[in-house]
Amino acid sequence: MSILRPDVERPRESRAGDEPRAGRAGGEPRVGRAGGEPRAGRSEGGPRAGRSEGGPRAGRSEGGPLGGALARIAGFVGRTLRGEWYGIVVDPLRQLRRRGPGALLLAFVACAGVIFFHAIAQHPTGGTAVRILGGVQGDLPLWLALLRTPVSLYVPALDLPVWAGITQLFLAFALAELALGRRRTLLIAYAATLAGTLTVRVMMAMGPGWWGLGLPPEAGQVLDTGPSAAVVGLFTYLSVVRHAPVVFLLTGGSMVLESIAKPNLAGREHLIAVAAAVVLGLLHERGRLRRQDATNVQDTASA
């Protein structure tokens, strides 16, 4: 006689004899898996779905960290070049289209002045007149040098090809006039030229030595750079205010290489013009940020 209750021994009505539960065949695994097969989503003995056999994880480039770094560098260079193209070329061209050829007045006047002074300097009498009107040297009295400096912007160096210089002069004045305006373009061009003229006088007063910064008295008989210092200064100033590091490296780097390859007075004046333009550009950017912050504070207070 069994000690178990009769209702326990009796099978449930939902079961038919000794048959297993519905959904399972005898001895078979659960529905959805074939006997002995792995779970869905995996191939037999293979890696998880979404990863090829022996390959890297999805979403990672095959080049690894080096490939990712190169891609980031390429993206940064592309964005920088695109920004410079729009800031240095596209935006001035839009200004030219909107304002017309009259917006290039300074560029045309500068080129016409260089051509005029170069033409009359080919004759002995004309050369003397050009030297009296626009020739700036270190041994001149300061008041006379300051009086001749504006005219020296249009007096080219006679030992250099004038047409190559005119192309650079036109581009510098045209881009600066369209991007900066006529008044600021004249100010930057004159300040870059004047900085070179005055600094050369300081170097001559120092005398030879001083870790190579001083100049001998003979340097006072050499004419200044003329319009080239203004060209270098304008390109440098544009690269600072328009955030164009490539243009800055091309301009400043070429001046450094020039001063190393040919260490003369012109090379020093070009480097001084670059430094003066950098200082002026940074001062302008600082003032612009201050004005922007003041405007933001006023907008916040009025809101």
# chains A, B, ... in the order shown; residues from 1 in each chain; ligands from 1
>>> residues_around(residues="range 221-232 of chain A", least_positions_apart="3", cutoff="8 Å", atoms="only C-alpha atoms", output="JSON, numbers by chain")
{"A": [135, 136, 137, 138, 139, 152, 153, 154, 155, 156, 157, 165, 168, 169, 172, 173, 188, 189, 190, 192, 193, 196, 197, 218, 235, 236, 251, 265, 266, 269, 270, 273, 274]}
>>> residues_around(residues="Val279 in chain A", least_positions_apart="3", cutoff="12 Å", atoms="only C-alpha atoms", output="JSON, numbers by chain")
{"A": [188, 191, 192, 195, 233, 236, 237, 240, 241, 272, 273, 274, 275, 276, 282, 283, 284, 285, 286]}
>>> write_last_selection(atoms="C-alpha atoms", output="PDB file, in the first residue's frame")
ATOM      1  CA  ILE A 188      49.123  98.206 -42.102  1.00  0.00           C
ATOM      2  CA  ALA A 191      53.238 100.596 -40.310  1.00  0.00           C
ATOM      3  CA  ALA A 192      55.113  97.544 -41.647  1.00  0.00           C
ATOM      4  CA  ALA A 195      58.751  99.521 -38.463  1.00  0.00           C
ATOM      5  CA  GLY A 233      53.170  92.924 -43.777  1.00  0.00           C
ATOM      6  CA  THR A 236      51.011  88.392 -42.600  1.00  0.00           C
ATOM      7  CA  TYR A 237      48.270  90.579 -41.142  1.00  0.00           C
ATOM      8  CA  VAL A 240      46.451  86.468 -38.536  1.00  0.00           C
ATOM      9  CA  VAL A 241      43.018  88.120 -38.651  1.00  0.00           C
ATOM     10  CA  ILE A 272      60.624  93.142 -38.812  1.00  0.00           C
ATOM     11  CA  ALA A 273      57.618  93.730 -41.075  1.00  0.00           C
ATOM     12  CA  VAL A 274      56.354  90.212 -40.292  1.00  0.00           C
ATOM     13  CA  ALA A 275      56.741  90.794 -36.554  1.00  0.00           C
ATOM     14  CA  ALA A 276      54.999  94.176 -36.703  1.00  0.00           C
ATOM     15  CA  LEU A 282      46.891  90.077 -32.430  1.00  0.00           C
ATOM     16  CA  LEU A 283      45.907  93.488 -31.059  1.00  0.00           C
ATOM     17  CA  HIS A 284      43.026  93.660 -33.510  1.00  0.00           C
ATOM     18  CA  GLU A 285      41.834  90.167 -32.559  1.00  0.00           C
ATOM     19  CA  ARG A 286      42.031  91.023 -28.860  1.00  0.00           C
TER      20      ARG A 286
END
>>> residues_around(residues="range 71-87 of chain A", least_positions_apart="4", cutoff="8 Å", atoms="only C-alpha atoms", output="list in words")
Gly67, Asp91, Pro92, Arg242, His243, Ala244 and Val246 of chain A
>>> write_last_selection(atoms="N, CA and C atoms", output="mmCIF file, in the first residue's frame")
data_model
loop_
_atom_site.group_PDB
_atom_site.id
_atom_site.type_symbol
_atom_site.label_atom_id
_atom_site.label_comp_id
_atom_site.auth_asym_id
_atom_site.auth_seq_id
_atom_site.Cartn_x
_atom_site.Cartn_y
_atom_site.Cartn_z
ATOM 1 N N GLY A 67 45.942 54.400 -38.590
ATOM 2 C CA GLY A 67 45.008 54.830 -39.620
ATOM 3 C C GLY A 67 44.036 55.872 -39.115
ATOM 4 N N ASP A 91 35.767 85.063 -49.959
ATOM 5 C CA ASP A 91 35.120 86.245 -49.392
ATOM 6 C C ASP A 91 35.566 87.536 -50.078
ATOM 7 N N PRO A 92 36.873 87.768 -50.341
ATOM 8 C CA PRO A 92 37.235 88.972 -51.106
ATOM 9 C C PRO A 92 36.633 89.017 -52.503
ATOM 10 N N ARG A 242 42.449 86.485 -40.386
ATOM 11 C CA ARG A 242 41.585 85.524 -41.056
ATOM 12 C C ARG A 242 41.897 84.077 -40.658
ATOM 13 N N HIS A 243 42.774 83.897 -39.679
ATOM 14 C CA HIS A 243 43.095 82.566 -39.137
ATOM 15 C C HIS A 243 43.532 81.615 -40.260
ATOM 16 N N ALA A 244 44.595 82.016 -40.951
ATOM 17 C CA ALA A 244 45.118 81.255 -42.081
ATOM 18 C C ALA A 244 46.548 80.828 -41.786
ATOM 19 N N VAL A 246 48.371 78.405 -42.982
ATOM 20 C CA VAL A 246 49.171 78.020 -44.148
ATOM 21 C C VAL A 246 49.765 79.258 -44.811
#
>>> atom_distance(atom1="CA of Pro101 in chain A", atom2="CA of Ala179 in chain A")
14.2 Å
>>> atom_distance(atom1="CA of Leu106 in chain A", atom2="CA of Phe170 in chain A")
8.7 Å
>>> atom_distance(atom1="CA of Ser239 in chain A", atom2="CA of Leu70 in chain A")
25.7 Å
>>> residues_around(residues="Leu178 in chain A", least_positions_apart="2", cutoff="12 Å", atoms="only C-alpha atoms", output="number ranges by chain")
A: 87-107, 170-176, 180-185, 238
>>> write_last_selection(atoms="N, CA and C atoms", output="tab-separated table (two decimals), in the first residue's frame")
chain	number	residue	atom	x	y	z
A	87	GLY	N	38.26	82.33	-46.51
A	87	GLY	CA	38.61	83.58	-45.85
A	87	GLY	C	39.52	84.48	-46.66
A	88	ILE	N	40.44	83.88	-47.42
A	88	ILE	CA	41.44	84.67	-48.15
A	88	ILE	C	41.03	84.93	-49.60
A	89	VAL	N	40.28	84.03	-50.21
A	89	VAL	CA	39.98	84.15	-51.64
A	89	VAL	C	38.48	84.36	-51.90
A	90	VAL	N	37.64	83.46	-51.41
A	90	VAL	CA	36.22	83.49	-51.76
A	90	VAL	C	35.54	84.75	-51.24
A	91	ASP	N	35.77	85.06	-49.96
A	91	ASP	CA	35.12	86.24	-49.39
A	91	ASP	C	35.57	87.54	-50.08
A	92	PRO	N	36.87	87.77	-50.34
A	92	PRO	CA	37.24	88.97	-51.11
A	92	PRO	C	36.63	89.02	-52.50
A	93	LEU	N	36.52	87.87	-53.17
A	93	LEU	CA	35.90	87.87	-54.49
A	93	LEU	C	34.42	88.24	-54.42
A	94	ARG	N	33.74	87.82	-53.37
A	94	ARG	CA	32.35	88.22	-53.18
A	94	ARG	C	32.26	89.73	-52.96
A	95	GLN	N	33.21	90.27	-52.19
A	95	GLN	CA	33.22	91.72	-51.98
A	95	GLN	C	33.48	92.46	-53.30
A	96	LEU	N	34.37	91.91	-54.14
A	96	LEU	CA	34.65	92.53	-55.43
A	96	LEU	C	33.42	92.50	-56.33
A	97	ARG	N	32.70	91.39	-56.31
A	97	ARG	CA	31.48	91.29	-57.12
A	97	ARG	C	30.41	92.26	-56.64
A	98	ARG	N	30.35	92.48	-55.33
A	98	ARG	CA	29.33	93.37	-54.79
A	98	ARG	C	29.70	94.84	-54.96
A	99	ARG	N	30.99	95.18	-54.77
A	99	ARG	CA	31.41	96.58	-54.79
A	99	ARG	C	31.94	97.04	-56.14
A	100	GLY	N	32.33	96.12	-57.00
A	100	GLY	CA	32.81	96.49	-58.32
A	100	GLY	C	34.30	96.78	-58.35
A	101	PRO	N	34.86	97.09	-59.54
A	101	PRO	CA	36.31	97.34	-59.67
A	101	PRO	C	36.81	98.52	-58.85
A	102	GLY	N	35.92	99.42	-58.46
A	102	GLY	CA	36.36	100.55	-57.65
A	102	GLY	C	36.90	100.15	-56.30
A	103	ALA	N	36.61	98.92	-55.87
A	103	ALA	CA	37.13	98.43	-54.58
A	103	ALA	C	38.61	98.12	-54.65
A	104	LEU	N	39.20	98.12	-55.84
A	104	LEU	CA	40.63	97.81	-56.01
A	104	LEU	C	41.44	99.06	-56.30
A	105	LEU	N	40.99	100.21	-55.82
A	105	LEU	CA	41.67	101.46	-56.13
A	105	LEU	C	43.10	101.46	-55.61
A	106	LEU	N	43.32	101.02	-54.37
A	106	LEU	CA	44.68	101.01	-53.81
A	106	LEU	C	45.60	100.09	-54.60
A	107	ALA	N	45.09	98.94	-55.03
A	107	ALA	CA	45.93	98.01	-55.78
A	107	ALA	C	46.37	98.62	-57.11
A	170	PHE	N	50.10	93.72	-56.31
A	170	PHE	CA	48.68	93.82	-56.65
A	170	PHE	C	47.85	92.85	-55.81
A	171	LEU	N	48.31	91.60	-55.68
A	171	LEU	CA	47.57	90.62	-54.89
A	171	LEU	C	47.45	91.05	-53.43
A	172	ALA	N	48.57	91.54	-52.87
A	172	ALA	CA	48.55	91.93	-51.46
A	172	ALA	C	47.58	93.08	-51.22
A	173	PHE	N	47.68	94.14	-52.03
A	173	PHE	CA	46.81	95.29	-51.82
A	173	PHE	C	45.36	94.98	-52.19
A	174	ALA	N	45.14	94.15	-53.22
A	174	ALA	CA	43.77	93.84	-53.62
A	174	ALA	C	43.06	93.01	-52.55
A	175	LEU	N	43.70	91.94	-52.09
A	175	LEU	CA	43.07	91.10	-51.08
A	175	LEU	C	42.87	91.86	-49.77
A	176	ALA	N	43.87	92.66	-49.39
A	176	ALA	CA	43.74	93.41	-48.15
A	176	ALA	C	42.66	94.48	-48.25
A	180	LEU	N	39.90	94.02	-45.64
A	180	LEU	CA	40.12	94.88	-44.48
A	180	LEU	C	39.55	96.27	-44.65
A	181	GLY	N	39.39	96.69	-45.87
A	181	GLY	CA	38.99	98.08	-46.10
A	181	GLY	C	40.19	98.93	-46.49
A	182	ARG	N	39.90	100.08	-47.09
A	182	ARG	CA	40.97	100.93	-47.65
A	182	ARG	C	41.81	101.57	-46.55
A	183	ARG	N	41.18	102.05	-45.51
A	183	ARG	CA	41.93	102.77	-44.47
A	183	ARG	C	42.86	101.84	-43.72
A	184	ARG	N	42.35	100.67	-43.32
A	184	ARG	CA	43.21	99.75	-42.55
A	184	ARG	C	44.32	99.17	-43.42
A	185	THR	N	44.07	98.98	-44.71
A	185	THR	CA	45.12	98.49	-45.61
A	185	THR	C	46.28	99.48	-45.67
A	238	LEU	N	46.83	89.63	-42.85
A	238	LEU	CA	45.66	88.88	-43.33
A	238	LEU	C	45.62	87.47	-42.76
>>> select_by_dssp(residues="range 52-114 of chain A", states="alpha helix (DSSP H)", output="count of residues only")
40
